[in-house]
Amino acid sequence: MGDMPIIDEAKCQRCGLCVSICVCGALVMEDNAVKVIQVENCGWCTMCELVCPNGAISCPFEIVVETTRD
Amino acid sequence: MAVNLDSLKSLPYFSGLSESVLLSVNQHVFEKKAERGEILVFEGEPAETLYFVVAGVVKVFKTSADGKEQIYRIIRPGDSFNDVPILADGVNLASAAAMSAVVLNGIKKKDLEAVSREYPQVALNIIKVLSLRVEELVSLVEDFSFRRVSGRVAKILLEHTGNGGGERPRLTQQEMAAMIGTAREMVGRSFRSLEEEGAIRIERNRIIIVNQEILKKIAGITG
Ligand code: SF4
Ligand code: SF4
């Protein structure tokens with residue numbers, strides 16, 4: 001399975017904004033904490049990172065050089 | 001008409017007002033709810049309402065001729081949007097859409113004018129809000145030599161390329177923005193432009209450098 005956005009629980013203020021905007025259902029508020037669930041259709045839109053007021057979510061990119069060329 | 005006084009009080013526009021003034025202002029404020037994806041303000045239309053976000057998130061964006069969306073601001077609870085065109089008597093400078101279900105408070109232009117004529121504290125608050133907006137814009141303008149930002153993004157990509165083995169470097173748009181000293185939105189825009197120029201390809205959370213030569217050229221690295 002693919003990577004998922006990462007939540008820094010120490011920074012998260014549980015405001016729920018990320019949960020409210022995510023279209024894929026990967027982010028859920030459970031027991032007053034935001035959890036990330038593995039879902040197929042998180043397209044790495046990075047909107048959760050963008051809306052978080054506390055910099056608590058990160059959607060990092062891996063940078064690689066294409067190896068096969070045709 | 002009329003909304004929760006506490007949420008009104010917490011807005012920069014109405015801070016420092018007495019309870020009685022707030023009550024009178026509140027007569028002009030109305031609540032609006034919208035679903036995710038709903039367009040709240042259309043670019044180019046006459047600006048009529050100033051909105052405050054009470055709950056949820058709103059994006060302010062423009063759409064280019066080829067249909068690509070560029071987000072300018074993210075409006076979270078407590079922030080307002082559409083201020084500048086309302087006060088400038090103009091048209092909406094950008095569109096705004098709900099990114100989640102949202103609750104907004106709105107005040108019509110003519111009512112805001114009436115209120116600020118009656119209560120000078122509101123006029124002073126407006127000046128403060130606008131000054132902050134100007135500050136934001138100045139920092140955006142400083143960034144606006146877009147080619148410069150793209151070039152630095154290209155350089156970062158070249159410097160942080162994984163070699164296929166071991167721990168691969170991973171960077172967020174936020175981190176790249178901080179490295180360059182630019183706004184995060186500018187990094188996203190650079191990605192798209194580098195993709196269009198055929199230097200990179202983005203596959204979900206992987207940035208694949210497909211043409212190092214082009215990328216080096218954009219980064220200003222010669223030889
Ligand atoms: S990247 Fe987009 S789709 Fe994935 S969790 Fe964040 S908001 Fe949801
Ligand atoms: S937006 Fe940020 S602070 Fe708010 S719940 Fe999500 S991760 Fe936590």
# chains A, B, ... in the order shown; residues from 1 in each chain; ligands from 1
>>> interface_residues(of="chain A", to="chain B", cutoff="6 Å", atoms="only C-alpha atoms", output="list in words")
Ser20, Ile21, Gly43, Trp44, Cys59, Pro60, Phe61, Glu62, Ile63, Val64, Val65 and Glu66 of chain A
>>> write_last_selection(atoms="N, CA and C atoms", output="CSV table (one decimal), in the first residue's frame")
chain,number,residue,atom,x,y,z
A,20,SER,N,-12.5,17.8,7.7
A,20,SER,CA,-13.6,18.4,7.0
A,20,SER,C,-13.4,18.6,5.5
A,21,ILE,N,-12.1,18.8,5.1
A,21,ILE,CA,-11.9,19.0,3.6
A,21,ILE,C,-11.5,17.8,2.9
A,43,GLY,N,-5.3,10.9,-3.4
A,43,GLY,CA,-4.5,11.2,-4.6
A,43,GLY,C,-3.3,12.1,-4.3
A,44,TRP,N,-3.0,12.3,-3.0
A,44,TRP,CA,-1.9,13.2,-2.6
A,44,TRP,C,-2.2,14.6,-3.1
A,59,CYS,N,2.7,16.1,3.8
A,59,CYS,CA,2.5,15.2,2.7
A,59,CYS,C,3.9,15.3,1.9
A,60,PRO,N,4.9,14.6,2.3
A,60,PRO,CA,6.2,14.7,1.7
A,60,PRO,C,6.3,14.0,0.4
A,61,PHE,N,7.1,14.5,-0.5
A,61,PHE,CA,7.3,13.9,-1.8
A,61,PHE,C,8.7,13.3,-1.8
A,62,GLU,N,8.8,12.2,-2.4
A,62,GLU,CA,10.0,11.5,-2.6
A,62,GLU,C,10.5,12.0,-4.0
A,63,ILE,N,11.8,12.3,-4.1
A,63,ILE,CA,12.3,12.8,-5.4
A,63,ILE,C,13.2,11.7,-6.0
A,64,VAL,N,12.9,11.3,-7.2
A,64,VAL,CA,13.7,10.2,-7.8
A,64,VAL,C,14.0,10.6,-9.3
A,65,VAL,N,15.0,10.0,-9.8
A,65,VAL,CA,15.4,10.2,-11.2
A,65,VAL,C,14.8,9.0,-12.0
A,66,GLU,N,14.2,9.3,-13.1
A,66,GLU,CA,13.6,8.2,-13.9
A,66,GLU,C,14.8,7.4,-14.4
>>> residues_near_ligand(ligand="ligand 2", cutoff="12 Å", atoms="only C-alpha atoms and all ligand atoms", output="mmCIF file with all heavy atoms, in the first residue's frame")
data_model
loop_
_atom_site.group_PDB
_atom_site.id
_atom_site.type_symbol
_atom_site.label_atom_id
_atom_site.label_comp_id
_atom_site.auth_asym_id
_atom_site.auth_seq_id
_atom_site.Cartn_x
_atom_site.Cartn_y
_atom_site.Cartn_z
ATOM 1 N N PRO A 5 -0.427 10.654 4.270
ATOM 2 C CA PRO A 5 0.027 11.860 4.965
ATOM 3 C C PRO A 5 0.333 11.560 6.437
ATOM 4 O O PRO A 5 -0.245 10.634 7.018
ATOM 5 C CB PRO A 5 -1.165 12.799 4.840
ATOM 6 C CG PRO A 5 -1.848 12.357 3.586
ATOM 7 C CD PRO A 5 -1.684 10.871 3.543
ATOM 8 N N ILE A 6 1.233 12.341 7.002
ATOM 9 C CA ILE A 6 1.690 12.070 8.366
ATOM 10 C C ILE A 6 1.202 13.179 9.300
ATOM 11 O O ILE A 6 1.322 14.362 8.981
ATOM 12 C CB ILE A 6 3.236 12.052 8.396
ATOM 13 C CG1 ILE A 6 3.739 10.999 7.401
ATOM 14 C CG2 ILE A 6 3.760 11.775 9.796
ATOM 15 C CD1 ILE A 6 5.094 11.329 6.836
ATOM 16 N N ILE A 7 0.666 12.761 10.444
ATOM 17 C CA ILE A 7 0.188 13.755 11.415
ATOM 18 C C ILE A 7 1.129 13.805 12.604
ATOM 19 O O ILE A 7 1.521 12.775 13.148
ATOM 20 C CB ILE A 7 -1.239 13.430 11.885
ATOM 21 C CG1 ILE A 7 -2.165 13.505 10.679
ATOM 22 C CG2 ILE A 7 -1.684 14.376 12.996
ATOM 23 C CD1 ILE A 7 -3.617 13.542 11.002
ATOM 24 N N ASP A 8 1.509 15.008 12.972
ATOM 25 C CA ASP A 8 2.341 15.219 14.144
ATOM 26 C C ASP A 8 1.396 15.503 15.317
ATOM 27 O O ASP A 8 0.861 16.602 15.439
ATOM 28 C CB ASP A 8 3.271 16.416 13.883
ATOM 29 C CG ASP A 8 4.202 16.678 15.046
ATOM 30 O OD1 ASP A 8 3.889 16.223 16.169
ATOM 31 O OD2 ASP A 8 5.229 17.343 14.834
ATOM 32 N N GLU A 9 1.209 14.494 16.139
ATOM 33 C CA GLU A 9 0.205 14.636 17.201
ATOM 34 C C GLU A 9 0.559 15.727 18.198
ATOM 35 O O GLU A 9 -0.316 16.304 18.835
ATOM 36 C CB GLU A 9 0.011 13.303 17.926
ATOM 37 C CG GLU A 9 -0.786 12.327 17.072
ATOM 38 C CD GLU A 9 -1.047 11.005 17.776
ATOM 39 O OE1 GLU A 9 -1.115 11.010 19.023
ATOM 40 O OE2 GLU A 9 -1.180 9.998 17.084
ATOM 41 N N ALA A 10 1.834 16.011 18.315
ATOM 42 C CA ALA A 10 2.241 17.044 19.263
ATOM 43 C C ALA A 10 1.800 18.427 18.780
ATOM 44 O O ALA A 10 1.514 19.314 19.578
ATOM 45 C CB ALA A 10 3.744 17.011 19.454
ATOM 46 N N LYS A 11 1.731 18.596 17.466
ATOM 47 C CA LYS A 11 1.342 19.909 16.937
ATOM 48 C C LYS A 11 -0.163 20.018 16.719
ATOM 49 O O LYS A 11 -0.713 21.107 16.652
ATOM 50 C CB LYS A 11 2.035 20.154 15.596
ATOM 51 C CG LYS A 11 3.513 20.459 15.716
ATOM 52 C CD LYS A 11 4.017 20.888 14.348
ATOM 53 C CE LYS A 11 5.525 21.025 14.315
ATOM 54 N NZ LYS A 11 6.006 21.054 12.940
ATOM 55 N N CYS A 12 -0.832 18.885 16.542
ATOM 56 C CA CYS A 12 -2.251 18.895 16.192
ATOM 57 C C CYS A 12 -3.095 19.442 17.331
ATOM 58 O O CYS A 12 -2.945 19.047 18.479
ATOM 59 C CB CYS A 12 -2.696 17.474 15.848
ATOM 60 S SG CYS A 12 -4.466 17.337 15.615
ATOM 61 N N GLN A 13 -3.980 20.399 16.989
ATOM 62 C CA GLN A 13 -4.869 21.000 17.988
ATOM 63 C C GLN A 13 -6.284 20.424 17.894
ATOM 64 O O GLN A 13 -7.208 20.952 18.477
ATOM 65 C CB GLN A 13 -4.924 22.517 17.798
ATOM 66 C CG GLN A 13 -3.577 23.208 17.925
ATOM 67 C CD GLN A 13 -3.039 23.124 19.336
ATOM 68 O OE1 GLN A 13 -3.771 23.306 20.289
ATOM 69 N NE2 GLN A 13 -1.756 22.801 19.460
ATOM 70 N N ARG A 14 -6.454 19.412 17.090
ATOM 71 C CA ARG A 14 -7.755 18.731 16.943
ATOM 72 C C ARG A 14 -8.879 19.662 16.494
ATOM 73 O O ARG A 14 -10.003 19.555 16.955
ATOM 74 C CB ARG A 14 -8.144 18.035 18.252
ATOM 75 C CG ARG A 14 -7.157 16.939 18.607
ATOM 76 C CD ARG A 14 -7.128 16.643 20.082
ATOM 77 N NE ARG A 14 -6.002 15.773 20.401
ATOM 78 C CZ ARG A 14 -4.750 16.176 20.498
ATOM 79 N NH1 ARG A 14 -4.445 17.434 20.332
ATOM 80 N NH2 ARG A 14 -3.777 15.341 20.756
ATOM 81 N N CYS A 15 -8.555 20.570 15.594
ATOM 82 C CA CYS A 15 -9.585 21.508 15.127
ATOM 83 C C CYS A 15 -10.500 20.847 14.099
ATOM 84 O O CYS A 15 -11.600 21.313 13.847
ATOM 85 C CB CYS A 15 -8.935 22.753 14.519
ATOM 86 S SG CYS A 15 -8.048 22.403 12.991
ATOM 87 N N GLY A 16 -10.028 19.775 13.464
ATOM 88 C CA GLY A 16 -10.885 19.039 12.535
ATOM 89 C C GLY A 16 -10.957 19.602 11.125
ATOM 90 O O GLY A 16 -11.666 19.066 10.281
ATOM 91 N N LEU A 17 -10.218 20.683 10.856
ATOM 92 C CA LEU A 17 -10.310 21.280 9.508
ATOM 93 C C LEU A 17 -9.862 20.297 8.432
ATOM 94 O O LEU A 17 -10.487 20.181 7.381
ATOM 95 C CB LEU A 17 -9.475 22.564 9.429
ATOM 96 C CG LEU A 17 -9.988 23.763 10.229
ATOM 97 C CD1 LEU A 17 -9.130 24.987 9.954
ATOM 98 C CD2 LEU A 17 -11.443 24.071 9.924
ATOM 99 N N CYS A 18 -8.784 19.563 8.708
ATOM 100 C CA CYS A 18 -8.287 18.615 7.702
ATOM 101 C C CYS A 18 -9.333 17.543 7.411
ATOM 102 O O CYS A 18 -9.567 17.178 6.265
ATOM 103 C CB CYS A 18 -6.981 17.978 8.160
ATOM 104 S SG CYS A 18 -7.134 17.121 9.739
ATOM 105 N N VAL A 19 -9.970 17.060 8.470
ATOM 106 C CA VAL A 19 -10.992 16.021 8.306
ATOM 107 C C VAL A 19 -12.132 16.563 7.437
ATOM 108 O O VAL A 19 -12.649 15.862 6.563
ATOM 109 C CB VAL A 19 -11.542 15.578 9.686
ATOM 110 C CG1 VAL A 19 -12.647 14.545 9.520
ATOM 111 C CG2 VAL A 19 -10.417 15.017 10.550
ATOM 112 N N SER A 20 -12.476 17.828 7.673
ATOM 113 C CA SER A 20 -13.632 18.381 6.966
ATOM 114 C C SER A 20 -13.375 18.578 5.477
ATOM 115 O O SER A 20 -14.302 18.539 4.686
ATOM 116 C CB SER A 20 -14.071 19.697 7.606
ATOM 117 O OG SER A 20 -13.144 20.715 7.326
ATOM 118 N N ILE A 21 -12.135 18.759 5.068
ATOM 119 C CA ILE A 21 -11.905 19.011 3.640
ATOM 120 C C ILE A 21 -11.486 17.774 2.850
ATOM 121 O O ILE A 21 -11.590 17.753 1.639
ATOM 122 C CB ILE A 21 -10.873 20.140 3.384
ATOM 123 C CG1 ILE A 21 -9.510 19.778 3.963
ATOM 124 C CG2 ILE A 21 -11.334 21.473 3.939
ATOM 125 C CD1 ILE A 21 -8.570 19.160 2.993
ATOM 126 N N CYS A 22 -10.991 16.747 3.539
ATOM 127 C CA CYS A 22 -10.450 15.604 2.803
ATOM 128 C C CYS A 22 -11.562 14.879 2.051
ATOM 129 O O CYS A 22 -12.594 14.549 2.620
ATOM 130 C CB CYS A 22 -9.749 14.645 3.746
ATOM 131 S SG CYS A 22 -9.206 13.162 2.894
ATOM 132 N N ALA A 26 -9.650 9.602 4.295
ATOM 133 C CA ALA A 26 -8.470 9.025 4.960
ATOM 134 C C ALA A 26 -8.290 9.596 6.361
ATOM 135 O O ALA A 26 -7.639 8.991 7.196
ATOM 136 C CB ALA A 26 -7.221 9.307 4.139
ATOM 137 N N LEU A 27 -8.844 10.774 6.591
ATOM 138 C CA LEU A 27 -8.638 11.424 7.878
ATOM 139 C C LEU A 27 -9.924 11.338 8.693
ATOM 140 O O LEU A 27 -10.987 11.703 8.203
ATOM 141 C CB LEU A 27 -8.252 12.895 7.666
ATOM 142 C CG LEU A 27 -7.056 13.124 6.736
ATOM 143 C CD1 LEU A 27 -6.886 14.590 6.422
ATOM 144 C CD2 LEU A 27 -5.788 12.568 7.352
ATOM 145 N N VAL A 28 -9.797 10.840 9.900
ATOM 146 C CA VAL A 28 -10.987 10.727 10.754
ATOM 147 C C VAL A 28 -10.665 11.211 12.160
ATOM 148 O O VAL A 28 -9.532 11.110 12.624
ATOM 149 C CB VAL A 28 -11.512 9.270 10.836
ATOM 150 C CG1 VAL A 28 -12.175 8.835 9.548
ATOM 151 C CG2 VAL A 28 -10.413 8.313 11.227
ATOM 152 N N MET A 29 -11.681 11.746 12.805
ATOM 153 C CA MET A 29 -11.520 12.183 14.192
ATOM 154 C C MET A 29 -12.025 11.038 15.065
ATOM 155 O O MET A 29 -13.176 10.630 14.950
ATOM 156 C CB MET A 29 -12.359 13.451 14.394
ATOM 157 C CG MET A 29 -12.131 14.151 15.707
ATOM 158 S SD MET A 29 -10.525 14.962 15.860
ATOM 159 C CE MET A 29 -10.870 16.553 15.126
ATOM 160 N N GLU A 30 -11.129 10.506 15.877
ATOM 161 C CA GLU A 30 -11.486 9.358 16.709
ATOM 162 C C GLU A 30 -10.932 9.586 18.096
ATOM 163 O O GLU A 30 -9.746 9.876 18.249
ATOM 164 C CB GLU A 30 -10.834 8.100 16.118
ATOM 165 C CG GLU A 30 -11.795 6.978 15.812
ATOM 166 C CD GLU A 30 -11.070 5.845 15.117
ATOM 167 O OE1 GLU A 30 -10.006 5.442 15.627
ATOM 168 O OE2 GLU A 30 -11.553 5.395 14.060
ATOM 169 N N ASN A 32 -11.123 12.008 20.027
ATOM 170 C CA ASN A 32 -10.515 13.333 20.106
ATOM 171 C C ASN A 32 -9.075 13.367 19.584
ATOM 172 O O ASN A 32 -8.215 14.063 20.116
ATOM 173 C CB ASN A 32 -10.581 13.847 21.550
ATOM 174 C CG ASN A 32 -10.353 15.337 21.609
ATOM 175 O OD1 ASN A 32 -10.641 16.042 20.635
ATOM 176 N ND2 ASN A 32 -9.815 15.825 22.717
ATOM 177 N N ALA A 33 -8.815 12.589 18.548
ATOM 178 C CA ALA A 33 -7.514 12.661 17.892
ATOM 179 C C ALA A 33 -7.729 12.369 16.410
ATOM 180 O O ALA A 33 -8.650 11.637 16.061
ATOM 181 C CB ALA A 33 -6.559 11.653 18.500
ATOM 182 N N VAL A 34 -6.892 12.968 15.579
ATOM 183 C CA VAL A 34 -7.037 12.704 14.149
ATOM 184 C C VAL A 34 -6.228 11.474 13.771
ATOM 185 O O VAL A 34 -5.052 11.361 14.117
ATOM 186 C CB VAL A 34 -6.576 13.908 13.310
ATOM 187 C CG1 VAL A 34 -6.708 13.606 11.829
ATOM 188 C CG2 VAL A 34 -7.387 15.124 13.656
ATOM 189 N N LYS A 35 -6.895 10.546 13.101
ATOM 190 C CA LYS A 35 -6.209 9.328 12.670
ATOM 191 C C LYS A 35 -6.162 9.296 11.143
ATOM 192 O O LYS A 35 -7.071 9.787 10.474
ATOM 193 C CB LYS A 35 -6.994 8.097 13.141
ATOM 194 C CG LYS A 35 -7.100 8.000 14.651
ATOM 195 C CD LYS A 35 -6.248 6.853 15.186
ATOM 196 C CE LYS A 35 -5.749 7.092 16.595
ATOM 197 N NZ LYS A 35 -6.750 7.459 17.559
ATOM 198 N N VAL A 36 -5.110 8.694 10.639
ATOM 199 C CA VAL A 36 -5.001 8.510 9.198
ATOM 200 C C VAL A 36 -5.262 7.046 8.887
ATOM 201 O O VAL A 36 -4.624 6.172 9.471
ATOM 202 C CB VAL A 36 -3.593 8.880 8.685
ATOM 203 C CG1 VAL A 36 -3.531 8.800 7.169
ATOM 204 C CG2 VAL A 36 -3.205 10.269 9.152
ATOM 205 N N THR A 46 -2.626 17.037 -1.232
ATOM 206 C CA THR A 46 -1.910 17.839 -0.228
ATOM 207 C C THR A 46 -2.740 18.981 0.370
ATOM 208 O O THR A 46 -2.206 19.869 1.012
ATOM 209 C CB THR A 46 -0.541 18.407 -0.727
ATOM 210 O OG1 THR A 46 -0.759 19.503 -1.608
ATOM 211 C CG2 THR A 46 0.297 17.347 -1.417
ATOM 212 N N MET A 47 -4.054 18.911 0.158
ATOM 213 C CA MET A 47 -4.919 19.964 0.703
ATOM 214 C C MET A 47 -4.957 19.917 2.233
ATOM 215 O O MET A 47 -5.119 20.935 2.883
ATOM 216 C CB MET A 47 -6.347 19.832 0.144
ATOM 217 C CG MET A 47 -6.459 20.234 -1.303
ATOM 218 S SD MET A 47 -6.045 21.970 -1.518
ATOM 219 C CE MET A 47 -5.341 21.939 -3.132
ATOM 220 N N CYS A 48 -4.812 18.709 2.806
ATOM 221 C CA CYS A 48 -4.822 18.610 4.273
ATOM 222 C C CYS A 48 -3.627 19.381 4.841
ATOM 223 O O CYS A 48 -3.764 20.115 5.817
ATOM 224 C CB CYS A 48 -4.848 17.153 4.730
ATOM 225 S SG CYS A 48 -3.641 16.075 3.935
ATOM 226 N N GLU A 49 -2.479 19.217 4.203
ATOM 227 C CA GLU A 49 -1.290 19.957 4.646
ATOM 228 C C GLU A 49 -1.526 21.464 4.512
ATOM 229 O O GLU A 49 -1.187 22.249 5.389
ATOM 230 C CB GLU A 49 -0.082 19.536 3.787
ATOM 231 C CG GLU A 49 1.198 20.244 4.153
ATOM 232 C CD GLU A 49 2.362 19.908 3.199
ATOM 233 O OE1 GLU A 49 2.816 18.761 3.224
ATOM 234 O OE2 GLU A 49 2.786 20.787 2.442
ATOM 235 N N LEU A 50 -2.179 21.829 3.401
ATOM 236 C CA LEU A 50 -2.415 23.250 3.138
ATOM 237 C C LEU A 50 -3.348 23.879 4.161
ATOM 238 O O LEU A 50 -3.109 24.998 4.613
ATOM 239 C CB LEU A 50 -2.983 23.406 1.715
ATOM 240 C CG LEU A 50 -3.336 24.821 1.254
ATOM 241 C CD1 LEU A 50 -2.099 25.702 1.212
ATOM 242 C CD2 LEU A 50 -3.978 24.783 -0.128
ATOM 243 N N VAL A 51 -4.425 23.192 4.524
ATOM 244 C CA VAL A 51 -5.407 23.847 5.403
ATOM 245 C C VAL A 51 -5.020 23.791 6.883
ATOM 246 O O VAL A 51 -5.538 24.575 7.667
ATOM 247 C CB VAL A 51 -6.836 23.273 5.261
ATOM 248 C CG1 VAL A 51 -7.327 23.408 3.845
ATOM 249 C CG2 VAL A 51 -6.935 21.849 5.737
ATOM 250 N N CYS A 52 -4.157 22.881 7.271
ATOM 251 C CA CYS A 52 -3.857 22.758 8.706
ATOM 252 C C CYS A 52 -3.239 24.057 9.239
ATOM 253 O O CYS A 52 -2.203 24.494 8.744
ATOM 254 C CB CYS A 52 -2.902 21.600 8.983
ATOM 255 S SG CYS A 52 -2.471 21.533 10.740
ATOM 256 N N PRO A 53 -3.880 24.676 10.231
ATOM 257 C CA PRO A 53 -3.351 25.951 10.733
ATOM 258 C C PRO A 53 -2.102 25.774 11.586
ATOM 259 O O PRO A 53 -1.444 26.752 11.921
ATOM 260 C CB PRO A 53 -4.506 26.517 11.569
ATOM 261 C CG PRO A 53 -5.449 25.408 11.814
ATOM 262 C CD PRO A 53 -5.140 24.271 10.886
ATOM 263 N N ASN A 54 -1.782 24.534 11.951
ATOM 264 C CA ASN A 54 -0.678 24.329 12.884
ATOM 265 C C ASN A 54 0.515 23.584 12.302
ATOM 266 O O ASN A 54 1.405 23.175 13.038
ATOM 267 C CB ASN A 54 -1.202 23.572 14.106
ATOM 268 C CG ASN A 54 -2.338 24.322 14.764
ATOM 269 O OD1 ASN A 54 -2.167 25.463 15.164
ATOM 270 N ND2 ASN A 54 -3.507 23.713 14.817
ATOM 271 N N GLY A 55 0.490 23.396 11.009
ATOM 272 C CA GLY A 55 1.606 22.682 10.388
ATOM 273 C C GLY A 55 1.744 21.263 10.914
ATOM 274 O O GLY A 55 2.847 20.720 10.995
ATOM 275 N N ALA A 56 0.601 20.658 11.270
ATOM 276 C CA ALA A 56 0.673 19.333 11.889
ATOM 277 C C ALA A 56 0.597 18.184 10.895
ATOM 278 O O ALA A 56 0.840 17.041 11.262
ATOM 279 C CB ALA A 56 -0.449 19.195 12.928
ATOM 280 N N ILE A 57 0.243 18.486 9.639
ATOM 281 C CA ILE A 57 0.170 17.402 8.653
ATOM 282 C C ILE A 57 1.248 17.599 7.622
ATOM 283 O O ILE A 57 1.453 18.718 7.149
ATOM 284 C CB ILE A 57 -1.176 17.395 7.890
ATOM 285 C CG1 ILE A 57 -2.314 17.187 8.860
ATOM 286 C CG2 ILE A 57 -1.205 16.313 6.815
ATOM 287 C CD1 ILE A 57 -3.590 16.756 8.201
ATOM 288 N N SER A 58 1.915 16.550 7.235
ATOM 289 C CA SER A 58 2.827 16.700 6.113
ATOM 290 C C SER A 58 2.571 15.637 5.060
ATOM 291 O O SER A 58 2.242 14.499 5.364
ATOM 292 C CB SER A 58 4.279 16.695 6.577
ATOM 293 O OG SER A 58 4.500 15.631 7.451
ATOM 294 N N CYS A 59 2.675 16.090 3.818
ATOM 295 C CA CYS A 59 2.533 15.216 2.655
ATOM 296 C C CYS A 59 3.852 15.300 1.887
ATOM 297 O O CYS A 59 3.986 16.041 0.923
ATOM 298 C CB CYS A 59 1.396 15.705 1.751
ATOM 299 S SG CYS A 59 -0.200 15.778 2.562
ATOM 300 N N GLY B 56 -15.419 25.547 9.174
ATOM 301 C CA GLY B 56 -15.035 24.995 7.880
ATOM 302 C C GLY B 56 -13.899 25.783 7.231
ATOM 303 O O GLY B 56 -13.285 26.640 7.872
ATOM 304 N N VAL B 57 -13.626 25.476 5.980
ATOM 305 C CA VAL B 57 -12.510 26.103 5.272
ATOM 306 C C VAL B 57 -12.969 26.565 3.886
ATOM 307 O O VAL B 57 -13.687 25.853 3.192
ATOM 308 C CB VAL B 57 -11.338 25.122 5.057
ATOM 309 C CG1 VAL B 57 -10.102 25.862 4.578
ATOM 310 C CG2 VAL B 57 -11.031 24.344 6.316
ATOM 311 N N ARG B 76 -9.667 30.284 7.136
ATOM 312 C CA ARG B 76 -10.070 29.415 8.230
ATOM 313 C C ARG B 76 -11.008 30.177 9.170
ATOM 314 O O ARG B 76 -11.154 31.390 9.035
ATOM 315 C CB ARG B 76 -8.827 28.948 8.988
ATOM 316 C CG ARG B 76 -7.814 28.262 8.091
ATOM 317 C CD ARG B 76 -6.646 27.715 8.907
ATOM 318 N NE ARG B 76 -5.672 27.092 8.030
ATOM 319 C CZ ARG B 76 -4.667 27.727 7.448
ATOM 320 N NH1 ARG B 76 -4.499 29.017 7.657
ATOM 321 N NH2 ARG B 76 -3.829 27.093 6.651
ATOM 322 N N PRO B 77 -11.616 29.471 10.138
ATOM 323 C CA PRO B 77 -12.537 30.167 11.051
ATOM 324 C C PRO B 77 -11.909 31.412 11.673
ATOM 325 O O PRO B 77 -10.760 31.374 12.133
ATOM 326 C CB PRO B 77 -12.847 29.092 12.100
ATOM 327 C CG PRO B 77 -12.745 27.811 11.330
ATOM 328 C CD PRO B 77 -11.600 28.017 10.365
#
>>> select_by_dssp(residues="chain A", states="strand (DSSP E or B)", output="PyMOL selection string")
chain A and resi 6-7+27-30+33-36+57-58+61-65
>>> closest_residue(among="A:Glu40, A:Asp31, A:Cys24, A:Thr67", to="ligand 1", atoms="only C-alpha atoms and all ligand atoms")
A:Cys24
>>> atom_distance(atom1="CA of Met186 in chain B", atom2="CA of Arg152 in chain B")
11.0 Å
>>> residues_around(residues="range 47-50 of chain B", least_positions_apart="3", cutoff="10 Å", atoms="only C-alpha atoms", output="number ranges by chain")
B: 29, 41-44, 80-93, 104-112
>>> residues_around(residues="Lys155 in chain B", least_positions_apart="4", cutoff="9 Å", atoms="only C-alpha atoms", output="JSON, numbers by chain")
{"B": [150, 151, 159, 160, 215, 216, 218, 219, 220, 221]}
>>> select_by_dssp(residues="range 41-211 of chain B", states="alpha helix (DSSP H)", output="VMD selection string")
chain B and resid 83 to 88 109 to 118 120 to 142 146 to 159 173 to 180 184 to 196
>>> closest_residue(among="B:Leu11, B:Thr182, B:Leu40, B:Gly198", to="Ser145 in chain B", atoms="only C-alpha atoms")
B:Thr182
>>> atom_distance(atom1="CA of Val129 in chain B", atom2="CA of Phe52 in chain B")
12.5 Å
>>> decode(residues="range 13-24 of chain A", atoms="N, CA and C atoms", output="short mmCIF file (atom, residue, chain, number, x, y, z; two decimals), in the first residue's frame")
data_model
loop_
_atom_site.label_atom_id
_atom_site.label_comp_id
_atom_site.auth_asym_id
_atom_site.auth_seq_id
_atom_site.Cartn_x
_atom_site.Cartn_y
_atom_site.Cartn_z
N GLN A 13 -3.98 20.40 16.99
CA GLN A 13 -4.87 21.00 17.99
C GLN A 13 -6.28 20.42 17.89
N ARG A 14 -6.45 19.41 17.09
CA ARG A 14 -7.76 18.73 16.94
C ARG A 14 -8.88 19.66 16.49
N CYS A 15 -8.55 20.57 15.59
CA CYS A 15 -9.59 21.51 15.13
C CYS A 15 -10.50 20.85 14.10
N GLY A 16 -10.03 19.78 13.46
CA GLY A 16 -10.89 19.04 12.53
C GLY A 16 -10.96 19.60 11.12
N LEU A 17 -10.22 20.68 10.86
CA LEU A 17 -10.31 21.28 9.51
C LEU A 17 -9.86 20.30 8.43
N CYS A 18 -8.78 19.56 8.71
CA CYS A 18 -8.29 18.61 7.70
C CYS A 18 -9.33 17.54 7.41
N VAL A 19 -9.97 17.06 8.47
CA VAL A 19 -10.99 16.02 8.31
C VAL A 19 -12.13 16.56 7.44
N SER A 20 -12.48 17.83 7.67
CA SER A 20 -13.63 18.38 6.97
C SER A 20 -13.38 18.58 5.48
N ILE A 21 -12.13 18.76 5.07
CA ILE A 21 -11.90 19.01 3.64
C ILE A 21 -11.49 17.77 2.85
N CYS A 22 -10.99 16.75 3.54
CA CYS A 22 -10.45 15.60 2.80
C CYS A 22 -11.56 14.88 2.05
N VAL A 23 -11.33 14.67 0.75
CA VAL A 23 -12.37 14.05 -0.07
C VAL A 23 -12.28 12.52 -0.08
N CYS A 24 -11.19 11.95 0.44
CA CYS A 24 -11.02 10.51 0.30
C CYS A 24 -11.36 9.74 1.56
#
